[in-house]
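S.K.: The structure under discussion is supplied below as structure tokens; questions concerning it will follow.
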Amino acid sequence: MTYEELLTKIALEDERFVVMTAENRALVRNIPQVLGNRFVDTGITEQTMIGAAAGLALRGRIPVTHALASFLSMRAFEFVRTDAGIPNLPVKLSSFIPGFLSDGNGPTHQAVEDVSLMRGIPNMTVFAPADEEDLVTMLPQIWNSPNPAYVRINTRKTDYKHSANFEIGKAEVVSKGSDVTILVYGMLFEQALIAVGILKNQGLSVGLVNMRSLKPVDEQAILEVAATSKLVVTLEDHFLTGGLYSIVAETLLKPHHCQCIAFCFK
């Protein structure tokens, strides 16, 4: 099932869903004629879209908004923070071509600080699926959550069969390893799979964890790999500041976690 097929199915089953876009219809080309007045295109006005989405959420709707990642996370940041995050409204942000997925548009269109920005917003949840199968597995729970959510939309295909047992706040443990463990999210999951194969062929014990839920994050998964693997590597299409690298550091620096890690290494 594709992203558009899933969104269409859920919106037809639940009239609370409203699909919105700031003149970015790449993910939802066929939805306007299906949903009628439950499809809203505000034009190139990301701030207006988020403000309107918050108003709809206050009236019991579940707005699923669409825009380019760089504009959704930065141009509309104040509106996302103030109108959706602080009041904890179920505004869902579908962030198109995040990170390195925007490979041909230059630095203005490459959102490589979006995870950091969205993590800092009160009540905002943040997700980064590994591929389209992962995406459509995760979205029903995310869209039905009462919290605002920022989703790095990833419609790439991989050969990996993901677990169907998605839970908000839980990582997907692909493999466990005692020599090195790679923590990854999003499009670089595919590269991580290749790296795991290369390292295993060299005789190493290699772990791989799909950190698809970044806020809330699976702290227990991070603690386990830190305690059982000689080396932990974070792999992400994001600045070090505020991304997975920072998430891991923050987790390990929590006082009770530091004591746990020290005990495990004794």
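Naming works like this for the structure tokens: A, B, ... for the chains as they're shown, residue 1 at the start of each chain, ligands 1 onward in shown order.
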Considering only helix (DSSP H, G or I) as DSSP defines it on the backbone, what residues of range 140-260 of chain A qualify? List them as a ChimeraX atom specification.

M.R.: /A:140-144,186-201,219-228,244-253,255-260

S.K.: Could you give me, as a PyMOL selection string, the residues within 7 Å of range 69-74 of chain A, counting only C-alpha atoms and dropping anything in the same chain fewer than 5 positions from it?

M.R.: chain A and resi 46+95-98+109-111+114

S.K.: Using N, CA, C and O atoms, can you write the selected residues to a file as an mmCIF file, in the first residue's frame?

M.R.:
```cif
data_model
loop_
_atom_site.group_PDB
_atom_site.id
_atom_site.type_symbol
_atom_site.label_atom_id
_atom_site.label_comp_id
_atom_site.auth_asym_id
_atom_site.auth_seq_id
_atom_site.Cartn_x
_atom_site.Cartn_y
_atom_site.Cartn_z
ATOM 1 N N GLU A 46 2.621 28.104 4.074
ATOM 2 C CA GLU A 46 2.747 27.081 5.108
ATOM 3 C C GLU A 46 2.221 27.557 6.464
ATOM 4 O O GLU A 46 1.583 26.793 7.189
ATOM 5 N N SER A 95 6.025 15.644 6.223
ATOM 6 C CA SER A 95 7.174 16.422 5.769
ATOM 7 C C SER A 95 7.778 15.771 4.525
ATOM 8 O O SER A 95 8.383 14.698 4.609
ATOM 9 N N PHE A 96 7.609 16.423 3.376
ATOM 10 C CA PHE A 96 8.009 15.835 2.095
ATOM 11 C C PHE A 96 9.468 16.127 1.783
ATOM 12 O O PHE A 96 9.971 17.202 2.065
ATOM 13 N N ILE A 97 10.143 15.158 1.182
ATOM 14 C CA ILE A 97 11.572 15.155 0.837
ATOM 15 C C ILE A 97 12.455 15.773 1.921
ATOM 16 O O ILE A 97 13.148 16.757 1.712
ATOM 17 N N PRO A 98 12.463 15.156 3.103
ATOM 18 C CA PRO A 98 13.335 15.630 4.182
ATOM 19 C C PRO A 98 14.784 15.189 3.973
ATOM 20 O O PRO A 98 15.062 14.246 3.227
ATOM 21 N N HIS A 109 16.642 23.651 0.293
ATOM 22 C CA HIS A 109 15.547 22.686 0.336
ATOM 23 C C HIS A 109 15.915 21.410 1.105
ATOM 24 O O HIS A 109 15.122 20.476 1.148
ATOM 25 N N GLN A 110 17.091 21.375 1.690
ATOM 26 C CA GLN A 110 17.510 20.182 2.421
ATOM 27 C C GLN A 110 17.328 20.406 3.918
ATOM 28 O O GLN A 110 18.109 21.129 4.549
ATOM 29 N N ALA A 111 16.301 19.813 4.465
ATOM 30 C CA ALA A 111 16.010 19.953 5.892
ATOM 31 C C ALA A 111 16.883 18.971 6.664
ATOM 32 O O ALA A 111 16.542 17.797 6.805
ATOM 33 N N ASP A 114 15.678 19.569 10.861
ATOM 34 C CA ASP A 114 14.256 19.488 11.201
ATOM 35 C C ASP A 114 13.969 18.642 12.434
ATOM 36 O O ASP A 114 13.086 18.972 13.232
#
```

S.K.: Using the chain letters and numbers from this document, which residues of range 162-195 of chain A does DSSP assign to strand (DSSP E or B), as a ChimeraX atom specification?

M.R.: /A:172-175,180-184

S.K.: Can you work out the spacing between CA of Val34 in chain A and CA of Glu132 in chain A in Å, to one decimal?

M.R.: 22.3 Å

S.K.: Pick out the residues sitting within 8 Å of range 77-82 of chain A, and hand them over as a list in words; count only C-alpha atoms, and ignore anything fewer than 3 positions along from it in its own chain.

M.R.: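 Near range 77-82 of chain A, the qualifying residues are Gln47, Ile50, Gly51, Leu72, Ser73, Met74, Gly85, Ile86, Pro87, Ile121 and Pro122 of chain A.
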
S.K.: Which residues are close to range 225-235 of chain A, i.e. within 9 Å by only C-alpha atoms, leaving aside same-chain residues fewer than 4 positions away? Reply as an MDAnalysis selection string.

M.R.: chainID A and resid 176:185 188:189 192 205:207 220:221 244:245 248 252 260:262 264:265

S.K.: May I have the residues within 10 Å of Ala11 in chain A as a PyMOL selection string, using only C-alpha atoms and disregarding those fewer than 3 positions away in the same chain?

M.R.: chain A and resi 5-8+14-19+31+34-35+38+62+64

S.K.: Keeping all heavy atoms, export the residues of the selection given above as a short mmCIF file (atom, residue, chain, number, x, y, z; two decimals), in the first residue's frame.

M.R.:
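Generated file (out_32.cif):
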```cif
data_model
loop_
_atom_site.label_atom_id
_atom_site.label_comp_id
_atom_site.auth_asym_id
_atom_site.auth_seq_id
_atom_site.Cartn_x
_atom_site.Cartn_y
_atom_site.Cartn_z
N GLU A 5 -2.66 5.84 -0.87
CA GLU A 5 -3.72 4.84 -0.71
C GLU A 5 -4.13 4.71 0.76
O GLU A 5 -5.33 4.62 1.08
CB GLU A 5 -3.25 3.49 -1.25
CG GLU A 5 -3.14 3.45 -2.77
CD GLU A 5 -2.43 2.21 -3.27
OE1 GLU A 5 -1.79 1.50 -2.46
OE2 GLU A 5 -2.49 1.94 -4.49
N LEU A 6 -3.15 4.72 1.65
CA LEU A 6 -3.45 4.62 3.07
C LEU A 6 -4.23 5.84 3.57
O LEU A 6 -5.24 5.70 4.27
CB LEU A 6 -2.15 4.47 3.88
CG LEU A 6 -2.33 4.47 5.40
CD1 LEU A 6 -3.06 3.21 5.85
CD2 LEU A 6 -0.97 4.58 6.10
N LEU A 7 -3.76 7.03 3.19
CA LEU A 7 -4.43 8.25 3.62
C LEU A 7 -5.85 8.32 3.08
O LEU A 7 -6.79 8.70 3.81
CB LEU A 7 -3.64 9.48 3.17
CG LEU A 7 -4.20 10.85 3.56
CD1 LEU A 7 -4.45 10.94 5.06
CD2 LEU A 7 -3.26 11.95 3.10
N THR A 8 -6.05 7.92 1.83
CA THR A 8 -7.39 7.91 1.25
C THR A 8 -8.30 6.96 2.01
O THR A 8 -9.45 7.30 2.34
CB THR A 8 -7.32 7.50 -0.24
OG1 THR A 8 -6.47 8.41 -0.94
CG2 THR A 8 -8.70 7.50 -0.87
N ASP A 14 -13.00 7.67 8.23
CA ASP A 14 -13.15 8.56 9.39
C ASP A 14 -13.30 10.00 8.90
O ASP A 14 -12.33 10.60 8.42
CB ASP A 14 -11.92 8.42 10.30
CG ASP A 14 -12.09 9.14 11.63
OD1 ASP A 14 -12.94 10.05 11.72
OD2 ASP A 14 -11.36 8.80 12.58
N GLU A 15 -14.48 10.55 9.01
CA GLU A 15 -14.77 11.89 8.48
C GLU A 15 -14.08 13.01 9.26
O GLU A 15 -14.12 14.16 8.83
CB GLU A 15 -16.28 12.13 8.45
CG GLU A 15 -17.00 11.27 7.43
CD GLU A 15 -18.45 11.69 7.25
OE1 GLU A 15 -18.92 12.55 8.02
OE2 GLU A 15 -19.10 11.16 6.32
N ARG A 16 -13.44 12.69 10.37
CA ARG A 16 -12.68 13.72 11.09
C ARG A 16 -11.42 14.13 10.33
O ARG A 16 -10.90 15.22 10.54
CB ARG A 16 -12.28 13.21 12.48
CG ARG A 16 -13.42 12.98 13.45
CD ARG A 16 -12.88 12.40 14.74
NE ARG A 16 -12.19 11.14 14.52
CZ ARG A 16 -11.34 10.58 15.40
NH1 ARG A 16 -11.09 11.18 16.55
NH2 ARG A 16 -10.76 9.43 15.13
N PHE A 17 -10.95 13.29 9.42
CA PHE A 17 -9.70 13.57 8.72
C PHE A 17 -9.90 14.61 7.62
O PHE A 17 -10.83 14.51 6.82
CB PHE A 17 -9.11 12.29 8.12
CG PHE A 17 -8.34 11.47 9.11
CD1 PHE A 17 -8.99 10.60 9.97
CD2 PHE A 17 -6.96 11.59 9.22
CE1 PHE A 17 -8.30 9.85 10.91
CE2 PHE A 17 -6.25 10.85 10.14
CZ PHE A 17 -6.92 9.98 10.99
N VAL A 18 -9.03 15.61 7.62
CA VAL A 18 -8.98 16.63 6.58
C VAL A 18 -7.56 16.64 6.03
O VAL A 18 -6.59 16.69 6.79
CB VAL A 18 -9.34 18.02 7.15
CG1 VAL A 18 -9.22 19.08 6.05
CG2 VAL A 18 -10.73 18.02 7.75
N VAL A 19 -7.44 16.57 4.72
CA VAL A 19 -6.13 16.58 4.08
C VAL A 19 -5.82 17.99 3.60
O VAL A 19 -6.63 18.60 2.89
CB VAL A 19 -6.08 15.58 2.90
CG1 VAL A 19 -4.72 15.64 2.20
CG2 VAL A 19 -6.36 14.16 3.41
N ILE A 31 -6.29 12.66 -4.28
CA ILE A 31 -7.18 12.80 -3.13
C ILE A 31 -8.23 13.90 -3.29
O ILE A 31 -9.36 13.75 -2.81
CB ILE A 31 -6.37 12.96 -1.83
CG1 ILE A 31 -5.70 11.61 -1.49
CG2 ILE A 31 -7.21 13.46 -0.68
CD1 ILE A 31 -4.91 11.61 -0.21
N VAL A 34 -11.55 12.78 -4.46
CA VAL A 34 -12.16 11.77 -3.58
C VAL A 34 -12.77 12.41 -2.34
O VAL A 34 -13.89 12.08 -1.94
CB VAL A 34 -11.11 10.70 -3.17
CG1 VAL A 34 -11.73 9.70 -2.20
CG2 VAL A 34 -10.57 9.98 -4.40
N LEU A 35 -12.05 13.36 -1.73
CA LEU A 35 -12.50 13.94 -0.47
C LEU A 35 -13.32 15.22 -0.63
O LEU A 35 -13.96 15.66 0.33
CB LEU A 35 -11.29 14.22 0.43
CG LEU A 35 -10.53 13.01 0.96
CD1 LEU A 35 -9.50 13.45 1.99
CD2 LEU A 35 -11.47 11.98 1.58
N ARG A 38 -13.11 18.18 1.98
CA ARG A 38 -12.18 17.79 3.04
C ARG A 38 -10.74 17.78 2.55
O ARG A 38 -9.84 17.27 3.23
CB ARG A 38 -12.57 16.43 3.64
CG ARG A 38 -13.76 16.53 4.58
CD ARG A 38 -13.88 15.30 5.45
NE ARG A 38 -14.30 14.13 4.72
CZ ARG A 38 -13.73 12.93 4.85
NH1 ARG A 38 -12.73 12.75 5.67
NH2 ARG A 38 -14.19 11.90 4.15
N ILE A 62 -9.02 16.01 12.38
CA ILE A 62 -7.64 15.54 12.40
C ILE A 62 -7.00 15.97 11.08
O ILE A 62 -7.13 15.28 10.05
CB ILE A 62 -7.54 14.01 12.56
CG1 ILE A 62 -8.24 13.57 13.85
CG2 ILE A 62 -6.07 13.57 12.58
CD1 ILE A 62 -8.33 12.06 14.01
N VAL A 64 -4.24 16.44 8.31
CA VAL A 64 -2.95 15.89 7.87
C VAL A 64 -2.39 16.88 6.84
O VAL A 64 -2.93 17.02 5.75
CB VAL A 64 -3.12 14.49 7.26
CG1 VAL A 64 -1.76 13.92 6.86
CG2 VAL A 64 -3.82 13.55 8.24
#
```

S.K.: I want to know what sits within 8 Å of Thr125 in chain A, based on only C-alpha atoms, with residues of the same chain fewer than 4 positions away left out; could you give that as a list in words?

M.R.: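 In the requested format, the answer is Met118, Arg119, Asn147, Pro148, Ala149, Tyr150, Leu214, Lys215 and Pro216 of chain A.
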
S.K.: What's the 8 Å shell around Ala128 in chain A, counting only C-alpha atoms, without same-chain residues fewer than 4 positions away, as a ChimeraX atom specification?

M.R.: /A:151-154,185-186,211-214

S.K.: Under the rule that only C-alpha atoms are counted, which of A:Thr251, A:Asn88, A:Asn30, A:Asn201 is the nearest residue to Leu58 in chain A?

M.R.: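 Using only C-alpha atoms, the shortest distance to Leu58 in chain A belongs to A:Asn88.
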
S.K.: Please produce, as CSV, a per-residue contact table for range 168-224 of chain A versus range 159-162 of chain A (criterion: any atom at most 9 Å away, only C-alpha atoms considered), showing the nearest atom pair and its distance in Å to one decimal, sorted by chain then residue number.

M.R.:
```
residue,atom,partner,partner_atom,distance
A:Glu172,CA,A:His162,CA,8.1
A:Val174,CA,A:His162,CA,8.5
A:Glu190,CA,A:Tyr160,CA,8.5
A:Leu193,CA,A:Tyr160,CA,8.7
```
